[in-house]
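Input: a single structure, listed below in structure tokens.
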There are 2 protein chains.
Amino acid sequence: MIETERFAKQMEFIAEIDKLKHVVRQSKLTDCSRQENDSEHSWHIATMALVLSEYSNELEISLLKVIKMLLIHDLVEIDAGDTFLYDEEGNSDRDKREKEAAARIFGLLPIDQAKELTEIWEEFEAMSTAEAKFARALDHLQPLILSYHNKGWSWKTHKVVKSQILESKEPMKEGSKELWEYAKTLLLRAVEDGFLVDE
Amino acid sequence: MIETERFAKQMEFIAEIDKLKHVVRQSKLTDCSRQENDSEHSWHIATMALVLSEYSNELEISLLKVIKMLLIHDLVEIDAGDTFLYDEEGNSDRDKREKEAAARIFGLLPIDQAKELTEIWEEFEAMSTAEAKFARALDHLQPLILSYHNKGWSWKTHKVVKSQILESKEPMKEGSKELWEYAKTLLLRAVEDGFLVDE
């Protein structure tokens, strides 16, 4: 009974998403030993959601939906690659590349599940709900935490300054004013500690 | 307001669990390029839960609870290390080492959250609920999928034969008869393809 076409599709998806473990990000781990990959990042922020949901601006959110978003939000990067937040050229055609990737990767699933995960991913991308806004805040916060702990490796390597980070991370406040305030405090501390240039 | 003792504890936990990315497992990725780590494994099975929950023996389960379990189930291995399922010596004092690890790692959190995550972890370990049984089935299934795709690297390297796998994976059937049937089929196929010794 399990050897149905439906199950075969689900197993194909499960094997395919193993590739997320190969998508290398522009953040190093807290101990600076190596760069993080997308699957590790996704696990980290999904687990962060378990302990930080009280800081969502909107308290009546579905934690399950937030976690679903965080688990699948980077799957499109299996095809489209990781685009560094501060890479203007790479971000110009990111939308198109990621939409094609979503169609292919979620399209491996049975049609009802492909539809559900595509809709969740689109909701996350559009930041159109309280869940998506809070999920995005966590997605923005986590690399700041790693970068602070590894003494600004990513900021120094890519010559990113404080004003650029503030500008690109500001959408955090739509999901969590409190986590946004914390992010700003962390960046100030990074400047004081010499990990980040105050420009 | 965010700079409370409560928040400081939550941030300490979040930085600490980054170490899960260093805990190397006895499975290689599907393409056999390198061994998987615990954070990648946890992400993979949490995402599997999103698409396979229909195969739980008990259909009225809380998917959120299953995913919480899967996200945190291996955190104890930050201190206790990964114990290979077929390592009898390593498994003899595993319980003690993992309980101490749980006390330290979950204990970083505010007391209400430490209690919640400890209870969820204990529930998973005891397989005492339908959620824990289903979560365990996924935890057992995922390395089989990786091992089949990488032509049995782990089985060959550690000289594990089919009967050992069947015996250790049998608890799967308490969470999902269907996934257990599939696991048996996959092992038969692995024998036919020469990836696994039929003993």
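Letters for chains follow the order of the structure tokens (A, B, ...), residue numbers begin at 1 for each chain, and ligand numbers begin at 1 in the order shown.
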What are the residues of chain B that have an atom within 8 Å of an atom of chain A, counting only C-alpha atoms, as a short mmCIF file (atom, residue, chain, number, x, y, z; two decimals) with N, CA, C and O atoms, in the first residue's frame?
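The resulting part_18.cif:
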```cif
data_model
loop_
_atom_site.label_atom_id
_atom_site.label_comp_id
_atom_site.auth_asym_id
_atom_site.auth_seq_id
_atom_site.Cartn_x
_atom_site.Cartn_y
_atom_site.Cartn_z
N MET B 1 13.73 46.76 27.36
CA MET B 1 12.86 45.69 27.87
C MET B 1 13.35 44.30 27.50
O MET B 1 13.26 43.35 28.25
N ILE B 2 13.90 44.21 26.24
CA ILE B 2 14.38 42.91 25.80
C ILE B 2 15.63 42.48 26.56
O ILE B 2 15.96 41.30 26.60
N GLU B 3 16.35 43.42 27.18
CA GLU B 3 17.60 43.07 27.86
C GLU B 3 17.33 42.53 29.27
O GLU B 3 17.93 42.96 30.25
N GLN B 10 17.78 32.97 26.98
CA GLN B 10 17.35 32.44 25.68
C GLN B 10 18.46 32.60 24.64
O GLN B 10 18.73 31.70 23.84
N ILE B 14 20.57 29.76 22.48
CA ILE B 14 20.62 29.83 21.01
C ILE B 14 22.07 29.80 20.51
O ILE B 14 22.37 29.16 19.49
N ALA B 15 22.96 30.48 21.20
CA ALA B 15 24.38 30.43 20.79
C ALA B 15 24.97 29.05 21.09
O ALA B 15 25.72 28.50 20.27
N ILE B 17 23.54 26.06 21.16
CA ILE B 17 23.10 24.96 20.30
C ILE B 17 23.75 25.00 18.92
O ILE B 17 23.63 24.04 18.15
N ASP B 18 24.45 26.07 18.60
CA ASP B 18 25.23 26.10 17.36
C ASP B 18 26.19 24.91 17.31
O ASP B 18 26.57 24.46 16.23
N LYS B 21 26.03 21.56 15.19
CA LYS B 21 26.54 21.48 13.81
C LYS B 21 27.91 20.79 13.75
O LYS B 21 28.40 20.49 12.67
N LEU B 29 26.00 11.84 3.43
CA LEU B 29 24.93 12.44 2.62
C LEU B 29 24.60 11.52 1.44
O LEU B 29 25.35 10.60 1.15
N THR B 30 23.50 11.78 0.77
CA THR B 30 23.07 10.89 -0.33
C THR B 30 24.16 10.75 -1.40
O THR B 30 24.29 9.68 -2.00
N SER B 39 22.71 18.62 13.26
CA SER B 39 21.76 19.70 12.94
C SER B 39 21.13 19.46 11.56
O SER B 39 19.95 19.72 11.36
N GLU B 40 21.93 18.95 10.64
CA GLU B 40 21.41 18.64 9.30
C GLU B 40 20.38 17.52 9.38
O GLU B 40 19.32 17.57 8.74
N SER B 42 18.60 16.71 11.98
CA SER B 42 17.40 17.20 12.67
C SER B 42 16.52 18.02 11.73
O SER B 42 15.29 17.90 11.73
N TRP B 43 17.16 18.85 10.90
CA TRP B 43 16.40 19.60 9.90
C TRP B 43 15.70 18.65 8.93
O TRP B 43 14.53 18.83 8.60
N HIS B 44 16.45 17.62 8.49
CA HIS B 44 15.89 16.72 7.47
C HIS B 44 14.66 15.99 8.00
O HIS B 44 13.62 15.94 7.33
N ALA B 46 12.71 16.84 10.55
CA ALA B 46 11.60 17.77 10.84
C ALA B 46 10.85 18.10 9.54
O ALA B 46 9.62 18.20 9.52
N THR B 47 11.60 18.25 8.45
CA THR B 47 10.97 18.55 7.17
C THR B 47 10.24 17.31 6.63
O THR B 47 9.16 17.41 6.02
N MET B 48 10.80 16.13 6.88
CA MET B 48 10.11 14.89 6.50
C MET B 48 8.75 14.79 7.20
O MET B 48 7.77 14.32 6.61
N LEU B 50 6.73 17.08 7.84
CA LEU B 50 5.74 17.90 7.12
C LEU B 50 5.05 17.13 6.00
O LEU B 50 3.90 17.42 5.69
N VAL B 51 5.79 16.21 5.37
CA VAL B 51 5.19 15.54 4.21
C VAL B 51 4.78 14.09 4.48
O VAL B 51 4.11 13.48 3.65
N LEU B 52 5.16 13.54 5.63
CA LEU B 52 4.86 12.12 5.89
C LEU B 52 3.88 11.88 7.04
O LEU B 52 3.63 10.72 7.39
N LEU B 63 1.22 17.68 15.01
CA LEU B 63 2.40 17.79 14.15
C LEU B 63 3.42 18.75 14.78
O LEU B 63 4.62 18.53 14.68
N LEU B 64 2.92 19.79 15.45
CA LEU B 64 3.84 20.74 16.10
C LEU B 64 4.70 20.03 17.15
O LEU B 64 5.90 20.25 17.24
N LYS B 68 8.73 19.68 17.20
CA LYS B 68 9.51 20.13 18.35
C LYS B 68 10.47 19.03 18.79
O LYS B 68 11.65 19.25 19.02
N LEU B 71 13.34 18.59 16.30
CA LEU B 71 14.30 19.69 16.30
C LEU B 71 15.28 19.61 17.48
O LEU B 71 16.43 20.00 17.37
N ILE B 72 14.77 19.12 18.62
CA ILE B 72 15.62 19.17 19.83
C ILE B 72 16.15 17.80 20.28
O ILE B 72 16.94 17.74 21.21
N GLN B 113 10.71 27.24 30.02
CA GLN B 113 11.10 26.66 28.73
C GLN B 113 12.02 25.45 28.94
O GLN B 113 11.94 24.47 28.18
N ILE B 145 17.43 5.99 4.34
CA ILE B 145 17.29 6.63 3.02
C ILE B 145 18.67 7.12 2.54
O ILE B 145 19.07 6.86 1.40
N LEU B 146 19.40 7.79 3.44
CA LEU B 146 20.74 8.25 3.05
C LEU B 146 21.62 7.06 2.66
O LEU B 146 22.29 7.09 1.63
N GLU B 178 3.28 1.63 8.12
CA GLU B 178 3.55 1.81 6.69
C GLU B 178 5.00 2.16 6.42
O GLU B 178 5.62 1.63 5.51
N LEU B 179 5.58 3.06 7.22
CA LEU B 179 6.99 3.41 7.03
C LEU B 179 7.90 2.25 7.40
O LEU B 179 8.96 2.05 6.79
N GLU B 181 7.09 -0.93 6.93
CA GLU B 181 7.02 -1.82 5.76
C GLU B 181 7.94 -1.30 4.65
O GLU B 181 8.65 -2.06 3.99
N TYR B 182 7.92 0.01 4.48
CA TYR B 182 8.78 0.61 3.46
C TYR B 182 10.26 0.38 3.80
O TYR B 182 11.07 0.06 2.92
#
```
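On the backbone of this structure, DSSP gives strand (DSSP E) within stretch 3-188 of chain A to Val24, Arg25, Gln26, Ser27, Lys28, Gln35, Glu36 and Asn37 of chain A.
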I need the residues from that last selection saved to file as a PDB file, in the first residue's frame (with N, CA and C atoms), if you can.
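Once everything was written out, this is result10.pdb:
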```pdb
ATOM      1  N   VAL A  24      26.191  26.511   0.655  1.00  0.00           N
ATOM      2  CA  VAL A  24      27.026  27.198   1.648  1.00  0.00           C
ATOM      3  C   VAL A  24      26.612  28.661   1.752  1.00  0.00           C
ATOM      4  N   ARG A  25      26.518  29.139   2.993  1.00  0.00           N
ATOM      5  CA  ARG A  25      26.109  30.510   3.266  1.00  0.00           C
ATOM      6  C   ARG A  25      27.317  31.425   3.538  1.00  0.00           C
ATOM      7  N   GLN A  26      27.034  32.694   3.649  1.00  0.00           N
ATOM      8  CA  GLN A  26      28.097  33.671   3.907  1.00  0.00           C
ATOM      9  C   GLN A  26      28.290  33.934   5.408  1.00  0.00           C
ATOM     10  N   SER A  27      27.814  33.019   6.235  1.00  0.00           N
ATOM     11  CA  SER A  27      28.057  33.116   7.678  1.00  0.00           C
ATOM     12  C   SER A  27      28.935  31.954   8.111  1.00  0.00           C
ATOM     13  N   LYS A  28      29.843  32.238   9.043  1.00  0.00           N
ATOM     14  CA  LYS A  28      30.569  31.137   9.664  1.00  0.00           C
ATOM     15  C   LYS A  28      29.893  30.766  10.979  1.00  0.00           C
ATOM     16  N   GLN A  35      32.128  27.747   7.230  1.00  0.00           N
ATOM     17  CA  GLN A  35      30.860  28.385   6.867  1.00  0.00           C
ATOM     18  C   GLN A  35      29.692  27.439   7.135  1.00  0.00           C
ATOM     19  N   GLU A  36      28.578  28.042   7.397  1.00  0.00           N
ATOM     20  CA  GLU A  36      27.339  27.317   7.662  1.00  0.00           C
ATOM     21  C   GLU A  36      26.668  26.958   6.340  1.00  0.00           C
ATOM     22  N   ASN A  37      25.853  25.906   6.346  1.00  0.00           N
ATOM     23  CA  ASN A  37      25.037  25.636   5.148  1.00  0.00           C
ATOM     24  C   ASN A  37      23.561  25.870   5.454  1.00  0.00           C
TER      25      ASN A  37
END
```
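The list of residues with at least one atom within 6 Å of stretch 173-175 of chain A, based on only C-alpha atoms and without residues fewer than 6 positions apart in the same chain, reads Ser56, Asn57, Lys133, Phe134 and Ala137 of chain A.
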Go ahead and write the residues just picked, N, CA and C atoms, as a PDB file, in the first residue's frame.
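New file result-v5.pdb:
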```pdb
ATOM      1  N   SER A  56       7.084  37.864  19.169  1.00  0.00           N
ATOM      2  CA  SER A  56       6.369  38.256  17.953  1.00  0.00           C
ATOM      3  C   SER A  56       5.474  39.462  18.264  1.00  0.00           C
ATOM      4  N   ASN A  57       5.459  40.458  17.374  1.00  0.00           N
ATOM      5  CA  ASN A  57       4.556  41.610  17.577  1.00  0.00           C
ATOM      6  C   ASN A  57       3.125  41.126  17.760  1.00  0.00           C
ATOM      7  N   LYS A 133       6.101  37.501   8.868  1.00  0.00           N
ATOM      8  CA  LYS A 133       6.913  38.612   9.383  1.00  0.00           C
ATOM      9  C   LYS A 133       7.796  38.164  10.541  1.00  0.00           C
ATOM     10  N   PHE A 134       7.229  37.349  11.416  1.00  0.00           N
ATOM     11  CA  PHE A 134       8.034  36.870  12.548  1.00  0.00           C
ATOM     12  C   PHE A 134       9.113  35.898  12.067  1.00  0.00           C
ATOM     13  N   ALA A 137      11.940  37.808  10.726  1.00  0.00           N
ATOM     14  CA  ALA A 137      12.749  38.429  11.781  1.00  0.00           C
ATOM     15  C   ALA A 137      13.798  37.438  12.301  1.00  0.00           C
TER      16      ALA A 137
END
```
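The nearest approach to B:Trp153 among the residues B:Leu196, B:Glu123, B:Glu5, B:Ala132, with only C-alpha atoms taken into account, belongs to B:Leu196.
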TODO: Quick one: pull the distance between atom CA of A:His158 and atom CA of A:His140, Å, one decimal.
DONE: 17.1 Å
TODO: Can you check which residues of stretch 13-185 of chain A DSSP gives as alpha helix (DSSP H) on the backbone and send them as a PyMOL selection string?
DONE: chain A and resi 13-16+38-52+63-72+77-80+88-92+94-106+111-126+130-149+153-157+162-169+172-175+177-185
Keeping only C-alpha atoms, write the selected residues as a short mmCIF file (atom, residue, chain, number, x, y, z; two decimals), in the first residue's frame.
```
data_model
loop_
_atom_site.label_atom_id
_atom_site.label_comp_id
_atom_site.auth_asym_id
_atom_site.auth_seq_id
_atom_site.Cartn_x
_atom_site.Cartn_y
_atom_site.Cartn_z
CA PHE A 13 11.32 15.04 -2.54
CA ILE A 14 12.94 13.79 0.68
CA ALA A 15 16.01 12.53 -1.17
CA GLU A 16 16.23 15.70 -3.28
CA ASP A 38 21.36 26.25 4.50
CA SER A 39 20.09 23.12 6.25
CA GLU A 40 21.98 24.02 9.44
CA HIS A 41 20.67 27.59 9.26
CA SER A 42 17.11 26.33 8.74
CA TRP A 43 17.37 24.00 11.73
CA HIS A 44 18.80 26.78 13.88
CA ILE A 45 16.06 29.30 13.14
CA ALA A 46 13.27 26.72 13.45
CA THR A 47 14.61 25.87 16.91
CA MET A 48 14.94 29.57 17.75
CA ALA A 49 11.23 29.91 16.95
CA LEU A 50 10.47 27.44 19.76
CA VAL A 51 12.04 29.70 22.39
CA LEU A 52 11.46 33.21 20.97
CA LEU A 63 3.93 28.51 15.69
CA LEU A 64 3.51 25.46 13.44
CA LYS A 65 3.17 27.70 10.40
CA VAL A 66 6.22 29.76 11.41
CA ILE A 67 8.28 26.59 11.74
CA LYS A 68 7.03 25.16 8.44
CA MET A 69 8.16 28.39 6.75
CA LEU A 70 11.56 28.29 8.39
CA LEU A 71 12.15 24.64 7.51
CA ILE A 72 11.39 25.10 3.81
CA GLU A 77 18.46 27.77 -3.07
CA ILE A 78 19.20 24.15 -4.05
CA ASP A 79 18.75 25.43 -7.63
CA ALA A 80 19.07 29.20 -7.23
CA GLU A 88 22.98 43.91 -5.47
CA GLU A 89 23.74 42.18 -8.76
CA GLY A 90 22.89 38.73 -7.43
CA ASN A 91 19.64 40.04 -6.00
CA SER A 92 18.46 41.58 -9.29
CA ARG A 94 16.88 36.37 -7.55
CA ASP A 95 13.08 36.38 -7.75
CA LYS A 96 12.95 34.74 -11.15
CA ARG A 97 15.53 32.09 -10.27
CA GLU A 98 13.81 31.25 -7.01
CA LYS A 99 10.34 30.98 -8.55
CA GLU A 100 11.61 28.48 -11.10
CA ALA A 101 13.32 26.55 -8.32
CA ALA A 102 10.14 26.47 -6.22
CA ALA A 103 8.17 25.11 -9.17
CA ARG A 104 10.67 22.31 -9.71
CA ILE A 105 11.40 21.34 -6.10
CA PHE A 106 7.93 21.61 -4.53
CA ILE A 111 -0.08 18.05 -5.95
CA ASP A 112 -1.82 18.88 -2.64
CA GLN A 113 1.50 19.03 -0.76
CA ALA A 114 3.21 20.92 -3.60
CA LYS A 115 0.43 23.50 -3.37
CA GLU A 116 0.66 23.79 0.41
CA LEU A 117 4.43 24.24 0.55
CA THR A 118 4.47 26.64 -2.41
CA GLU A 119 1.84 28.79 -0.73
CA ILE A 120 3.76 28.79 2.56
CA TRP A 121 6.96 29.76 0.76
CA GLU A 122 5.19 32.55 -1.14
CA GLU A 123 3.66 33.82 2.09
CA PHE A 124 7.10 33.92 3.68
CA GLU A 125 8.61 35.72 0.71
CA ALA A 126 5.79 38.29 0.58
CA ALA A 130 2.13 37.84 11.02
CA GLU A 131 3.73 34.39 10.80
CA ALA A 132 5.78 35.37 7.75
CA LYS A 133 6.91 38.61 9.38
CA PHE A 134 8.03 36.87 12.55
CA ALA A 135 9.74 34.08 10.59
CA ARG A 136 11.62 36.71 8.59
CA ALA A 137 12.75 38.43 11.78
CA LEU A 138 14.35 35.17 12.95
CA ASP A 139 15.89 34.57 9.52
CA HIS A 140 17.50 38.03 9.76
CA LEU A 141 18.55 37.71 13.39
CA GLN A 142 20.39 34.38 13.29
CA PRO A 143 23.33 35.43 11.05
CA LEU A 144 23.83 38.50 13.27
CA ILE A 145 24.21 36.22 16.28
CA LEU A 146 26.72 34.01 14.44
CA SER A 147 28.64 37.04 13.18
CA TYR A 148 28.83 38.65 16.59
CA HIS A 149 30.18 35.43 18.11
CA TRP A 153 34.01 37.33 9.99
CA SER A 154 31.33 37.85 7.35
CA TRP A 155 31.22 41.64 7.77
CA LYS A 156 34.99 41.97 7.54
CA THR A 157 35.35 39.52 4.64
CA LYS A 162 26.79 49.00 10.01
CA SER A 163 24.48 51.23 7.96
CA GLN A 164 24.10 48.54 5.28
CA ILE A 165 23.10 45.96 7.87
CA LEU A 166 20.63 48.30 9.54
CA GLU A 167 19.01 49.08 6.20
CA SER A 168 18.69 45.49 5.07
CA LYS A 169 17.59 44.11 8.44
CA MET A 172 12.70 42.66 11.26
CA LYS A 173 10.68 45.27 13.11
CA GLU A 174 7.51 44.26 11.26
CA GLY A 175 7.76 40.83 12.87
CA LYS A 177 10.00 45.20 17.51
CA GLU A 178 11.82 43.62 20.45
CA LEU A 179 14.14 41.44 18.38
CA TRP A 180 14.81 44.43 16.10
CA GLU A 181 15.81 46.52 19.13
CA TYR A 182 18.08 43.68 20.24
CA ALA A 183 19.65 43.45 16.76
CA LYS A 184 20.48 47.16 16.88
CA THR A 185 22.02 46.75 20.34
#
```
- [ ] Between atom CA of B:Asp198 and atom CA of B:Gly152, measure the distance and give it in Å to one decimal.
- [x] 12.6 Å
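Atom pair atom CA of A:Ala190 / atom CA of A:Ser176: separated by 20.9 Å.
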